[in-house]
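Below is data.cif, holding mmCIF, C-alpha atoms (C1' of nucleotides).
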data_target
loop_
_atom_site.label_atom_id
_atom_site.label_comp_id
_atom_site.auth_asym_id
_atom_site.auth_seq_id
_atom_site.Cartn_x
_atom_site.Cartn_y
_atom_site.Cartn_z
CA MET A 5 106.50 110.22 67.93
CA ALA A 6 103.54 109.79 70.29
CA LYS A 7 103.79 108.32 73.74
CA GLU A 8 105.92 105.35 74.67
CA ASN A 9 104.19 102.07 75.29
CA LYS A 10 104.44 101.56 79.02
CA THR A 11 102.46 98.35 78.95
CA LYS A 12 105.58 96.66 77.60
CA TYR A 13 107.49 97.38 80.77
CA ALA A 14 104.58 96.58 83.04
CA ILE A 15 104.33 93.13 81.47
CA LEU A 16 108.09 92.70 81.60
CA GLY A 17 108.04 93.59 85.27
CA VAL A 18 105.35 91.07 86.07
CA LEU A 19 107.19 88.36 84.15
CA SER A 20 110.40 89.23 86.00
CA LEU A 21 108.72 87.91 89.15
CA LYS A 22 107.62 84.65 87.56
CA PRO A 23 106.41 83.22 84.25
CA ALA A 24 102.77 83.89 83.53
CA SER A 25 100.05 83.82 80.90
CA GLY A 26 98.20 86.85 79.60
CA TYR A 27 95.38 85.94 81.90
CA ASP A 28 97.71 85.71 84.88
CA ILE A 29 99.20 89.11 84.07
CA LYS A 30 95.80 90.72 84.01
CA LYS A 31 94.93 89.07 87.29
CA PHE A 32 98.17 90.23 88.88
CA CYS A 33 97.46 93.81 87.80
CA ASP A 34 93.93 93.70 89.19
CA GLU A 35 94.88 92.10 92.47
CA THR A 36 98.21 93.62 93.31
CA ILE A 37 99.01 96.86 91.52
CA ALA A 38 95.54 98.09 90.61
CA HIS A 39 95.87 101.17 92.82
CA PHE A 40 98.45 102.65 90.49
CA TRP A 41 98.35 100.52 87.34
CA GLN A 42 95.73 98.92 85.12
CA GLU A 43 95.91 96.75 82.07
CA ASN A 44 93.30 95.07 79.92
CA TYR A 45 93.32 92.04 77.64
CA GLY A 46 92.91 94.14 74.54
CA HIS A 47 96.36 95.52 75.16
CA ILE A 48 98.11 92.67 76.97
CA TYR A 49 97.74 90.02 74.26
CA PRO A 50 98.98 92.11 71.33
CA VAL A 51 101.88 93.49 73.37
CA LEU A 52 102.87 89.99 74.48
CA LYS A 53 103.07 88.99 70.82
CA GLN A 54 105.21 92.04 70.14
CA LEU A 55 107.51 91.28 73.07
CA GLU A 56 107.90 87.74 71.77
CA GLU A 57 108.94 89.06 68.35
CA GLU A 58 111.51 91.30 69.98
CA GLN A 59 112.67 88.30 71.99
CA TRP A 60 112.19 90.00 75.31
CA VAL A 61 109.94 87.11 76.36
CA GLU A 62 109.54 83.42 75.43
CA LYS A 63 106.31 81.53 74.95
CA LYS A 64 105.70 77.96 76.08
CA THR A 65 102.39 76.33 75.37
CA GLU A 66 101.05 74.11 78.11
CA ILE A 67 98.00 71.94 78.13
CA SER A 68 96.68 71.07 81.56
CA GLU A 69 93.27 69.58 82.19
CA GLY A 70 92.33 70.08 78.59
CA LYS A 71 92.92 73.79 78.88
CA LEU A 72 95.29 75.60 76.57
CA LYS A 73 97.69 77.96 78.29
CA HIS A 74 100.43 80.15 76.88
CA VAL A 75 103.02 80.73 79.57
CA TYR A 76 105.45 83.53 78.91
CA SER A 77 108.79 83.97 80.64
CA ILE A 78 111.28 86.81 80.47
CA THR A 79 114.51 86.28 78.52
CA ALA A 80 117.99 87.54 79.41
CA ARG A 81 117.53 90.24 76.80
CA GLY A 82 114.20 91.18 78.37
CA ARG A 83 115.77 91.44 81.77
CA GLU A 84 118.39 93.82 80.34
CA ARG A 85 115.68 96.04 78.90
CA LEU A 86 113.81 96.00 82.17
CA VAL A 87 116.87 97.08 84.15
CA GLU A 88 117.55 99.76 81.55
CA TRP A 89 114.03 101.11 81.94
CA LEU A 90 114.20 100.90 85.72
CA SER A 91 117.42 102.90 85.72
CA VAL A 92 115.92 105.93 84.01
CA GLN A 93 114.26 108.56 86.18
CA PRO A 94 110.60 108.49 85.16
CA GLU A 95 109.18 111.62 83.61
CA VAL A 96 106.81 113.59 85.74
CA THR A 97 103.35 112.36 84.93
CA LYS A 98 100.96 115.19 84.25
CA PRO A 99 97.62 113.54 84.80
CA ARG A 100 94.39 115.22 83.83
CA TYR A 101 92.22 115.41 86.91
CA GLU A 102 88.64 115.69 85.77
CA PHE A 103 87.41 116.37 89.29
CA LEU A 104 89.70 119.40 89.59
CA LEU A 105 88.62 120.61 86.17
CA LYS A 106 85.02 120.48 87.35
CA MET A 107 85.92 122.13 90.62
CA PHE A 108 87.65 124.96 88.80
CA PHE A 109 84.57 125.79 86.74
CA SER A 110 81.95 125.03 89.41
CA LYS A 111 80.71 128.53 90.03
CA ASP A 112 77.74 127.88 87.73
CA ILE A 113 76.24 125.14 89.90
CA PRO A 114 74.87 125.48 93.45
CA ALA A 115 77.47 125.45 96.21
CA GLN A 116 75.48 122.80 98.06
CA MET A 117 75.87 120.45 95.14
CA VAL A 118 79.62 120.93 95.11
CA ILE A 119 79.75 120.21 98.83
CA GLN A 120 77.71 117.08 98.37
CA ARG A 121 80.09 115.83 95.69
CA LEU A 122 83.03 116.54 97.99
CA ASN A 123 81.37 114.58 100.75
CA GLU A 124 80.80 111.63 98.45
CA SER A 125 84.43 111.74 97.36
CA LYS A 126 85.58 111.88 100.92
CA ILE A 127 83.52 108.86 101.94
CA LEU A 128 84.84 106.90 98.98
CA CYS A 129 88.42 107.82 99.84
CA GLN A 130 87.88 106.80 103.42
CA SER A 131 86.61 103.39 102.47
CA ILE A 132 89.55 102.75 100.14
CA LEU A 133 91.91 104.01 102.82
CA LYS A 134 90.49 101.46 105.24
CA GLN A 135 91.25 98.67 102.79
CA TYR A 136 94.79 99.92 102.26
CA GLU A 137 95.37 100.20 105.97
CA SER A 138 94.24 96.65 106.57
CA MET A 139 96.62 95.51 103.83
CA GLU A 140 99.35 97.45 105.57
CA GLN A 141 98.59 95.68 108.85
CA LYS A 142 98.87 92.32 107.17
CA ILE A 143 102.27 93.20 105.74
CA LYS A 144 103.47 94.41 109.13
CA MET A 145 102.33 91.19 110.78
CA GLY A 146 104.09 89.20 108.10
CA LEU A 147 107.26 91.15 108.78
CA ALA A 148 107.05 90.45 112.49
CA ASN A 149 106.77 86.73 111.70
CA LYS A 150 109.69 87.10 109.27
CA THR A 151 107.61 85.35 106.65
CA CYS A 152 108.05 87.87 103.88
CA LEU A 153 111.59 89.02 104.13
CA GLU A 154 112.52 88.33 100.53
CA SER A 155 114.36 91.14 98.85
CA GLY A 156 112.10 93.73 97.34
CA TRP A 157 109.24 93.69 99.84
CA ALA A 158 110.13 97.26 100.80
CA TYR A 159 109.56 98.49 97.25
CA ARG A 160 106.17 96.86 97.05
CA TYR A 161 105.29 98.13 100.51
CA SER A 162 106.27 101.67 99.56
CA THR A 163 103.74 101.75 96.72
CA LEU A 164 101.02 100.91 99.22
CA ARG A 165 102.30 103.64 101.52
CA TYR A 166 102.01 106.04 98.60
CA GLY A 167 98.39 105.10 98.20
CA ILE A 168 97.77 105.71 101.88
CA LEU A 169 99.48 109.09 102.05
CA ASP A 170 97.78 110.16 98.84
CA LEU A 171 94.33 109.25 100.13
CA LYS A 172 94.93 111.00 103.43
CA ALA A 173 95.90 114.14 101.54
CA LYS A 174 92.74 113.88 99.43
CA ILE A 175 90.57 113.48 102.50
CA ALA A 176 92.20 116.47 104.16
CA TRP A 177 91.62 118.46 100.98
CA CYS A 178 87.93 117.51 100.88
CA ASP A 179 87.55 118.64 104.48
CA GLU A 180 89.22 121.98 104.03
CA THR A 181 87.47 122.64 100.74
CA ILE A 182 84.04 121.89 102.21
CA ALA A 183 84.82 124.30 105.05
CA LEU A 184 86.02 126.94 102.62
CA ILE A 185 82.96 126.76 100.39
CA ASN A 186 80.66 126.87 103.40
CA ARG A 187 82.42 129.96 104.68
CA VAL A 188 82.32 131.72 101.33
CA SER A 189 78.72 130.91 100.52
CA ASN A 190 77.52 132.07 103.94
CA GLN A 191 79.42 135.29 103.39
CA ASP A 192 77.76 135.73 99.99
CA GLU A 193 74.35 135.31 101.59
CA GLU A 194 75.04 137.97 104.21
CA GLU A 195 76.13 140.39 101.53
CA GLY A 196 73.04 139.51 99.55
CA LEU A 197 70.74 140.61 102.42
CA MET B 1 82.83 103.10 72.89
CA ALA B 2 86.28 104.35 73.92
CA LYS B 3 86.85 107.16 76.34
CA GLU B 4 84.77 110.29 76.47
CA ASN B 5 86.33 113.37 75.03
CA LYS B 6 87.05 115.54 78.04
CA THR B 7 88.71 118.24 76.00
CA LYS B 8 85.22 119.33 74.93
CA TYR B 9 84.31 120.25 78.47
CA ALA B 10 87.65 121.80 79.25
CA ILE B 11 87.21 124.14 76.27
CA LEU B 12 83.62 124.82 77.21
CA GLY B 13 84.73 125.69 80.73
CA VAL B 14 87.35 128.14 79.51
CA LEU B 15 84.86 129.78 77.14
CA SER B 16 82.34 130.06 79.99
CA LEU B 17 84.69 132.58 81.60
CA LYS B 18 85.10 134.65 78.46
CA PRO B 19 85.27 134.33 74.67
CA ALA B 20 88.62 133.19 73.38
CA SER B 21 90.51 131.86 70.37
CA GLY B 22 92.16 128.47 70.16
CA TYR B 23 95.41 130.16 70.93
CA ASP B 24 93.97 131.88 73.99
CA ILE B 25 92.56 128.58 75.26
CA LYS B 26 95.93 126.91 75.01
CA LYS B 27 97.52 129.84 76.80
CA PHE B 28 94.93 129.72 79.56
CA CYS B 29 95.59 126.02 80.08
CA ASP B 30 99.35 126.53 80.25
CA GLU B 31 99.19 129.50 82.57
CA THR B 32 96.32 128.74 84.86
CA ILE B 33 95.32 125.10 85.04
CA ALA B 34 98.50 123.37 83.90
CA HIS B 35 98.99 121.66 87.26
CA PHE B 36 95.98 119.45 86.65
CA TRP B 37 95.06 119.89 83.00
CA GLN B 38 96.88 120.14 79.67
CA GLU B 39 95.73 120.70 76.13
CA ASN B 40 97.53 121.02 72.84
CA TYR B 41 96.68 122.67 69.53
CA GLY B 42 96.39 119.38 67.74
CA HIS B 43 93.35 118.65 69.83
CA ILE B 44 91.96 122.10 70.54
CA TYR B 45 91.40 123.18 66.95
CA PRO B 46 89.57 120.07 65.76
CA VAL B 47 87.44 119.96 68.90
CA LEU B 48 86.53 123.64 68.52
CA LYS B 49 85.29 122.87 65.01
CA GLN B 50 83.27 119.98 66.40
CA LEU B 51 81.79 122.13 69.16
CA GLU B 52 80.80 124.71 66.56
CA GLU B 53 78.98 122.04 64.54
CA GLU B 54 77.11 120.95 67.65
CA GLN B 55 76.32 124.61 68.30
CA TRP B 56 77.80 124.61 71.75
CA VAL B 57 80.04 127.49 70.72
CA GLU B 58 79.92 130.30 68.14
CA LYS B 59 82.74 131.57 66.01
CA LYS B 60 83.38 135.20 65.16
CA THR B 61 86.25 136.13 62.91
CA GLU B 62 88.10 139.26 63.86
CA ILE B 63 90.88 141.02 62.06
CA SER B 64 92.97 143.26 64.23
CA GLU B 65 96.30 144.67 63.15
CA GLY B 66 96.29 142.54 60.07
CA LYS B 67 96.06 139.38 62.17
CA LEU B 68 93.32 136.87 61.68
CA LYS B 69 91.66 135.72 64.85
CA HIS B 70 88.80 133.31 65.40
CA VAL B 71 87.10 134.18 68.63
CA TYR B 72 84.76 131.53 70.03
CA SER B 73 82.06 132.15 72.60
CA ILE B 74 79.84 129.73 74.44
CA THR B 75 76.17 129.50 73.41
CA ALA B 76 73.17 129.01 75.70
CA ARG B 77 73.08 125.40 74.60
CA GLY B 78 76.76 125.07 75.44
CA ARG B 79 76.19 126.49 78.88
CA GLU B 80 73.46 123.92 79.46
CA ARG B 81 75.83 121.10 78.53
CA LEU B 82 78.51 122.51 80.77
CA VAL B 83 76.19 122.67 83.76
CA GLU B 84 75.02 119.14 82.99
CA TRP B 85 78.60 117.89 82.97
CA LEU B 86 79.45 119.83 86.13
CA SER B 87 76.49 118.26 87.91
CA VAL B 88 77.68 114.70 87.44
CA GLN B 89 80.04 113.26 90.03
CA PRO B 90 83.27 112.62 88.14
CA GLU B 91 84.44 109.05 87.86
CA VAL B 92 87.41 108.15 89.95
CA THR B 93 90.46 108.64 87.76
CA LYS B 94 92.75 105.66 87.84
CA PRO B 95 95.98 107.15 86.65
CA ARG B 96 98.94 104.99 85.73
CA TYR B 97 101.86 106.08 87.83
CA GLU B 98 105.00 105.07 86.02
CA PHE B 99 107.18 105.99 88.98
CA LEU B 100 105.25 103.59 91.24
CA LEU B 101 105.46 100.87 88.61
CA LYS B 102 109.23 101.29 88.57
CA MET B 103 109.36 101.37 92.34
CA PHE B 104 107.39 98.16 92.56
CA PHE B 105 109.85 96.27 90.35
CA SER B 106 113.02 97.98 91.57
CA LYS B 107 114.62 95.06 93.39
CA ASP B 108 116.81 94.40 90.31
CA ILE B 109 118.65 97.71 90.48
CA PRO B 110 120.96 98.95 93.26
CA ALA B 111 119.21 100.42 96.31
CA GLN B 112 121.44 103.49 96.10
CA MET B 113 120.12 104.25 92.64
CA VAL B 114 116.54 104.09 93.87
CA ILE B 115 117.40 106.43 96.72
CA GLN B 116 119.02 108.84 94.32
CA ARG B 117 115.91 108.89 92.14
CA LEU B 118 113.77 109.52 95.19
CA ASN B 119 115.99 112.41 96.19
CA GLU B 120 115.70 113.92 92.74
CA SER B 121 111.92 113.58 92.85
CA LYS B 122 111.80 115.17 96.24
CA ILE B 123 113.85 118.18 95.15
CA LEU B 124 111.65 118.64 92.10
CA CYS B 125 108.51 118.47 94.23
CA GLN B 126 109.93 120.99 96.64
CA SER B 127 110.67 123.49 93.92
CA ILE B 128 107.17 123.18 92.46
CA LEU B 129 105.71 123.45 95.94
CA LYS B 130 107.54 126.73 96.44
CA GLN B 131 105.96 128.12 93.28
CA TYR B 132 102.50 127.02 94.37
CA GLU B 133 102.97 128.50 97.80
CA SER B 134 103.99 131.85 96.37
CA MET B 135 100.87 131.75 94.17
CA GLU B 136 98.87 131.03 97.29
CA GLN B 137 100.38 134.03 99.04
CA LYS B 138 99.40 136.26 96.15
CA ILE B 139 95.82 135.06 96.27
CA LYS B 140 95.68 135.63 100.01
CA MET B 141 96.99 139.16 99.62
CA GLY B 142 94.44 139.79 96.91
CA LEU B 143 91.71 138.59 99.24
CA ALA B 144 92.89 140.92 101.99
CA ASN B 145 92.67 143.82 99.53
CA LYS B 146 89.24 142.56 98.46
CA THR B 147 90.35 142.80 94.86
CA CYS B 148 89.40 139.31 93.80
CA LEU B 149 86.13 138.65 95.52
CA GLU B 150 84.21 137.66 92.40
CA SER B 151 82.19 134.52 92.79
CA GLY B 152 84.10 131.39 92.12
CA TRP B 153 87.53 132.37 93.43
CA ALA B 154 87.20 129.72 96.12
CA TYR B 155 86.86 126.96 93.52
CA ARG B 156 89.95 128.06 91.68
CA TYR B 157 91.83 128.49 94.94
CA SER B 158 90.88 124.97 96.03
CA THR B 159 92.53 123.46 92.97
CA LEU B 160 95.76 125.17 93.96
CA ARG B 161 95.35 123.86 97.50
CA TYR B 162 94.99 120.39 96.06
CA GLY B 163 98.31 120.79 94.30
CA ILE B 164 99.94 121.91 97.52
CA LEU B 165 98.58 119.10 99.68
CA ASP B 166 99.41 116.57 97.01
CA LEU B 167 103.02 117.73 96.73
CA LYS B 168 103.45 117.75 100.49
CA ALA B 169 102.22 114.16 100.61
CA LYS B 170 104.67 113.21 97.84
CA ILE B 171 107.56 114.83 99.67
CA ALA B 172 106.66 113.05 102.89
CA TRP B 173 106.47 109.79 100.97
CA CYS B 174 109.91 110.34 99.44
CA ASP B 175 111.34 110.95 102.90
CA GLU B 176 109.83 107.90 104.51
CA THR B 177 110.67 105.68 101.55
CA ILE B 178 114.30 106.78 101.52
CA ALA B 179 114.50 106.02 105.23
CA LEU B 180 112.87 102.62 104.72
CA ILE B 181 115.18 101.57 101.91
CA ASN B 182 118.22 102.69 103.88
CA ARG B 183 117.09 100.67 106.86
CA VAL B 184 116.39 97.56 104.81
CA SER B 185 119.57 97.66 102.77
CA ASN B 186 121.75 98.14 105.88
CA GLN B 187 119.99 95.16 107.40
CA ASP B 188 120.70 93.10 104.29
CA GLU B 189 124.39 93.97 104.50
CA GLU B 190 124.60 92.87 108.12
CA GLU B 191 123.01 89.58 107.27
CA GLY B 192 125.38 89.24 104.36
CA LEU B 193 128.40 89.37 106.72
"C1'" DC C 16 71.01 75.21 84.76
"C1'" DG C 17 72.91 79.39 85.65
"C1'" DA C 18 76.62 82.01 87.44
"C1'" DC C 19 81.27 82.47 87.78
"C1'" DC C 20 86.07 81.61 86.92
"C1'" DC C 21 89.53 80.04 83.56
"C1'" DA C 22 91.49 81.24 79.10
"C1'" DT C 23 92.54 83.54 74.54
"C1'" DG C 24 92.08 86.58 71.41
"C1'" DT C 25 90.25 90.30 67.56
"C1'" DA C 26 88.12 94.57 65.79
"C1'" DA C 27 86.76 99.12 65.91
"C1'" DG C 28 87.56 103.38 67.18
"C1'" DC C 29 88.52 107.49 69.72
"C1'" DA C 30 91.69 110.37 72.51
"C1'" DG C 31 95.46 112.60 72.64
"C1'" DT C 32 100.55 113.55 71.18
"C1'" DT C 33 104.12 115.22 68.22
"C1'" DA C 34 105.85 117.00 64.20
"C1'" DC C 35 105.19 119.72 60.39
"C1'" DA C 36 103.82 123.94 57.79
"C1'" DT C 37 103.15 128.94 57.49
"C1'" DG C 38 103.44 133.72 58.25
"C1'" DA C 39 103.02 138.41 60.69
"C1'" DT C 40 104.68 141.43 64.35
"C1'" DT C 41 107.55 143.08 68.15
"C1'" DG C 42 111.68 144.01 70.47
"C1'" DC C 43 116.65 143.53 71.24
"C1'" DG D 21 118.87 140.07 61.55
"C1'" DC D 22 117.16 136.90 64.92
"C1'" DA D 23 114.45 135.25 68.56
"C1'" DA D 24 110.19 135.28 70.71
"C1'" DT D 25 105.35 135.72 70.71
"C1'" DC D 26 101.01 135.78 68.22
"C1'" DA D 27 98.12 132.88 65.42
"C1'" DT D 28 96.00 128.82 62.85
"C1'" DG D 29 95.86 124.70 61.47
"C1'" DT D 30 96.92 119.55 59.37
"C1'" DA D 31 98.94 114.92 59.21
"C1'" DA D 32 100.55 110.93 61.05
"C1'" DC D 33 100.59 108.01 64.45
"C1'" DT D 34 100.08 105.38 68.82
"C1'" DG D 35 98.09 104.03 73.11
"C1'" DC D 36 94.52 102.40 75.21
"C1'" DT D 37 89.59 101.21 75.83
"C1'" DT D 38 85.44 98.79 74.93
"C1'" DA D 39 82.81 95.52 72.84
"C1'" DC D 40 82.61 91.33 70.69
"C1'" DA D 41 83.49 86.26 70.03
"C1'" DT D 42 84.27 81.64 71.90
"C1'" DG D 43 84.43 77.69 74.82
"C1'" DG D 44 85.50 74.51 78.85
"C1'" DG D 45 85.14 73.51 83.83
"C1'" DT D 46 83.15 73.85 88.50
"C1'" DC D 47 80.00 74.50 92.14
"C1'" DG D 48 75.65 75.26 94.32
#

Please rewrite the model in this file as structure tokens.
Amino acid sequence: MAKENKTKYAILGVLSLKPASGYDIKKFCDETIAHFWQENYGHIYPVLKQLEEEQWVEKKTEISEGKLKHVYSITARGRERLVEWLSVQPEVTKPRYEFLLKMFFSKDIPAQMVIQRLNESKILCQSILKQYESMEQKIKMGLANKTCLESGWAYRYSTLRYGILDLKAKIAWCDETIALINRVSNQDEEEGL
Amino acid sequence: MAKENKTKYAILGVLSLKPASGYDIKKFCDETIAHFWQENYGHIYPVLKQLEEEQWVEKKTEISEGKLKHVYSITARGRERLVEWLSVQPEVTKPRYEFLLKMFFSKDIPAQMVIQRLNESKILCQSILKQYESMEQKIKMGLANKTCLESGWAYRYSTLRYGILDLKAKIAWCDETIALINRVSNQDEEEGL
DNA sequence: CGACCCATGTAAGCAGTTACATGATTGC
DNA sequence: GCAATCATGTAACTGCTTACATGGGTCG
């Protein structure tokens, strides 16, 4: 019943790269996979406890510089589960796009307001796209220097590429939608005269 | 605290078009906005009750052909709330893409399996794209016949266009990612020799 | 001395999903 | 007679979010 807990596998994935604490996991999510995945402490810590009970991960408590740190590492059993999960074709995610919901019902607000919102969205997308593209450049330079040729770079790179293609599509959509609404609302005015 | 209930506004939006029962609302979601929004009875009915208490909607009980039907219509107050919600720039949705999460951590499964999954995704996207494009054709024909020139068609049309551009981007991404993984795994083999 | 990062966790609570329960009508 | 569609709801449950609580270290 209800949805499957995907946080489990996200944590398992992060730990498959190297052992980490709850804090480290959160940081990794924010710094590296934030464009398609988010986690928060309120979910990470309880799920880590759960994973420990299921023996998918192991806890080691370290004390360095007076600071307490719980470092978790993936077990053999955990690695099996991870591979099992990786091997299953993911279900199609059916996200709920609030901005499209608003767009769909927007006839009751002024067209100029809708266009303004679209422009704001477009500008935001463009700025994120710039960031992604500079990340892409860095990866490409690294490749040229052969400094990041460990196995798996291509998978990580592809998720960035997804972000880039997705943003470009969104920007194109904003452009064509602005043009469409302008055309239609001008037409309405002419008919109104 | 917690997330805002967006179902409220989705229902309000549907009722702003015309009065409907819970059943009708569900049907509308499935038939018309399913590509970016889903609802289920387990949420619709309780939220309708809530909206009635807040006097955003009104209930009228009809009995036709022995069947009980609760028809809800939006009130003036409800329309105000809807316009208020429409006027606010939606937050950027940060969806969790399970397929990208898997992709990111895929180095532990065979490259050929990843490619197969990508191919399956691509084929699925293509078939949905075909459906969307035939819907688009119908709308365009309707426009030519001037049969659907009520205000607001452009907004609904734009949501379909979003679906189309999005799917095209996904298909392009599948293609380039398959090519990338093929290139990298061939390279690995050569180095292995 | 205040801001910021490191570090760990709990509690409350809503949103949303799935399964269950019920029954009439229509059409093959 | 059986499946599908119309029609309304409830119950149980989980996933995830947000706010709260706490405390040490570092740097300007």

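Here CA of Val184 in chain B and CA of Leu124 in chain B stand 25.1 Å from one another.
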
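Residues lying within 12 Å of Trp85 in chain B, counting only C-alpha atoms (C1' of nucleotides) and ignoring same-chain neighbours fewer than 3 positions away, are Glu102, Phe103, Leu105, Lys106, Met107, Phe109, Ser110, Asp112 and Ile113 of chain A; Glu4, Asn5, Lys6, Lys8, Tyr9, Ala10, Leu12, Gly13, Gly78, Arg79, Glu80, Arg81, Leu82, Val88, Gln89, Pro90 and Glu91 of chain B.
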
Determine the nearest neighbour of Ser125 in chain A from the options B:Arg183, B:Val92, B:Ala169, B:Gly163, counting all atoms listed in the file.
B:Val92

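Put simply, the PyMOL selection byres ((chain B) within 9 of (chain D)) in this file takes in Met1, Ala2, Lys3, Gly22, Tyr23, Tyr41, Gly42, Tyr45, Pro46, Lys67, Leu68, Lys69 and His70 of chain B.
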
Write down, as a VMD selection string, each residue of chain C that has any atom within 9 Å of an atom of chain B, counting all atoms listed in the file.
chain C and resid 27 to 33 39

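Going from CA of Leu17 in chain B to CA of Gly152 in chain B covers 10.6 Å.
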
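The space between CA of Tyr166 in chain A and CA of Trp173 in chain B spans 6.3 Å.
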
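Of the residues under consideration (A:Val51, A:Ile78, A:Val87, A:Ile29), A:Val87 shows the shortest atom-to-atom contact distance to chain B when counting only C-alpha atoms.
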
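Proximity ranking of B:Ser73, B:Asn145, B:Thr32, B:Ser151 relative to chain A places B:Ser151 first, based on only C-alpha atoms.
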
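Distances here use only C-alpha atoms; by that measure, the residue among A:Ser20, A:Thr79, A:Thr181, A:Thr97 closest to Tyr155 in chain B is A:Thr181.
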
Could you check the closest approach to Trp37 in chain B for each of A:Thr65, A:Pro99, A:Asn186, A:Lys53 and tell me which residue wins, using all atoms listed in the file?
A:Pro99

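The closest residue to chain A, picked from B:Leu86, B:Ile44, B:Ala144, B:Leu167 and counting all atoms listed in the file, is B:Leu86.
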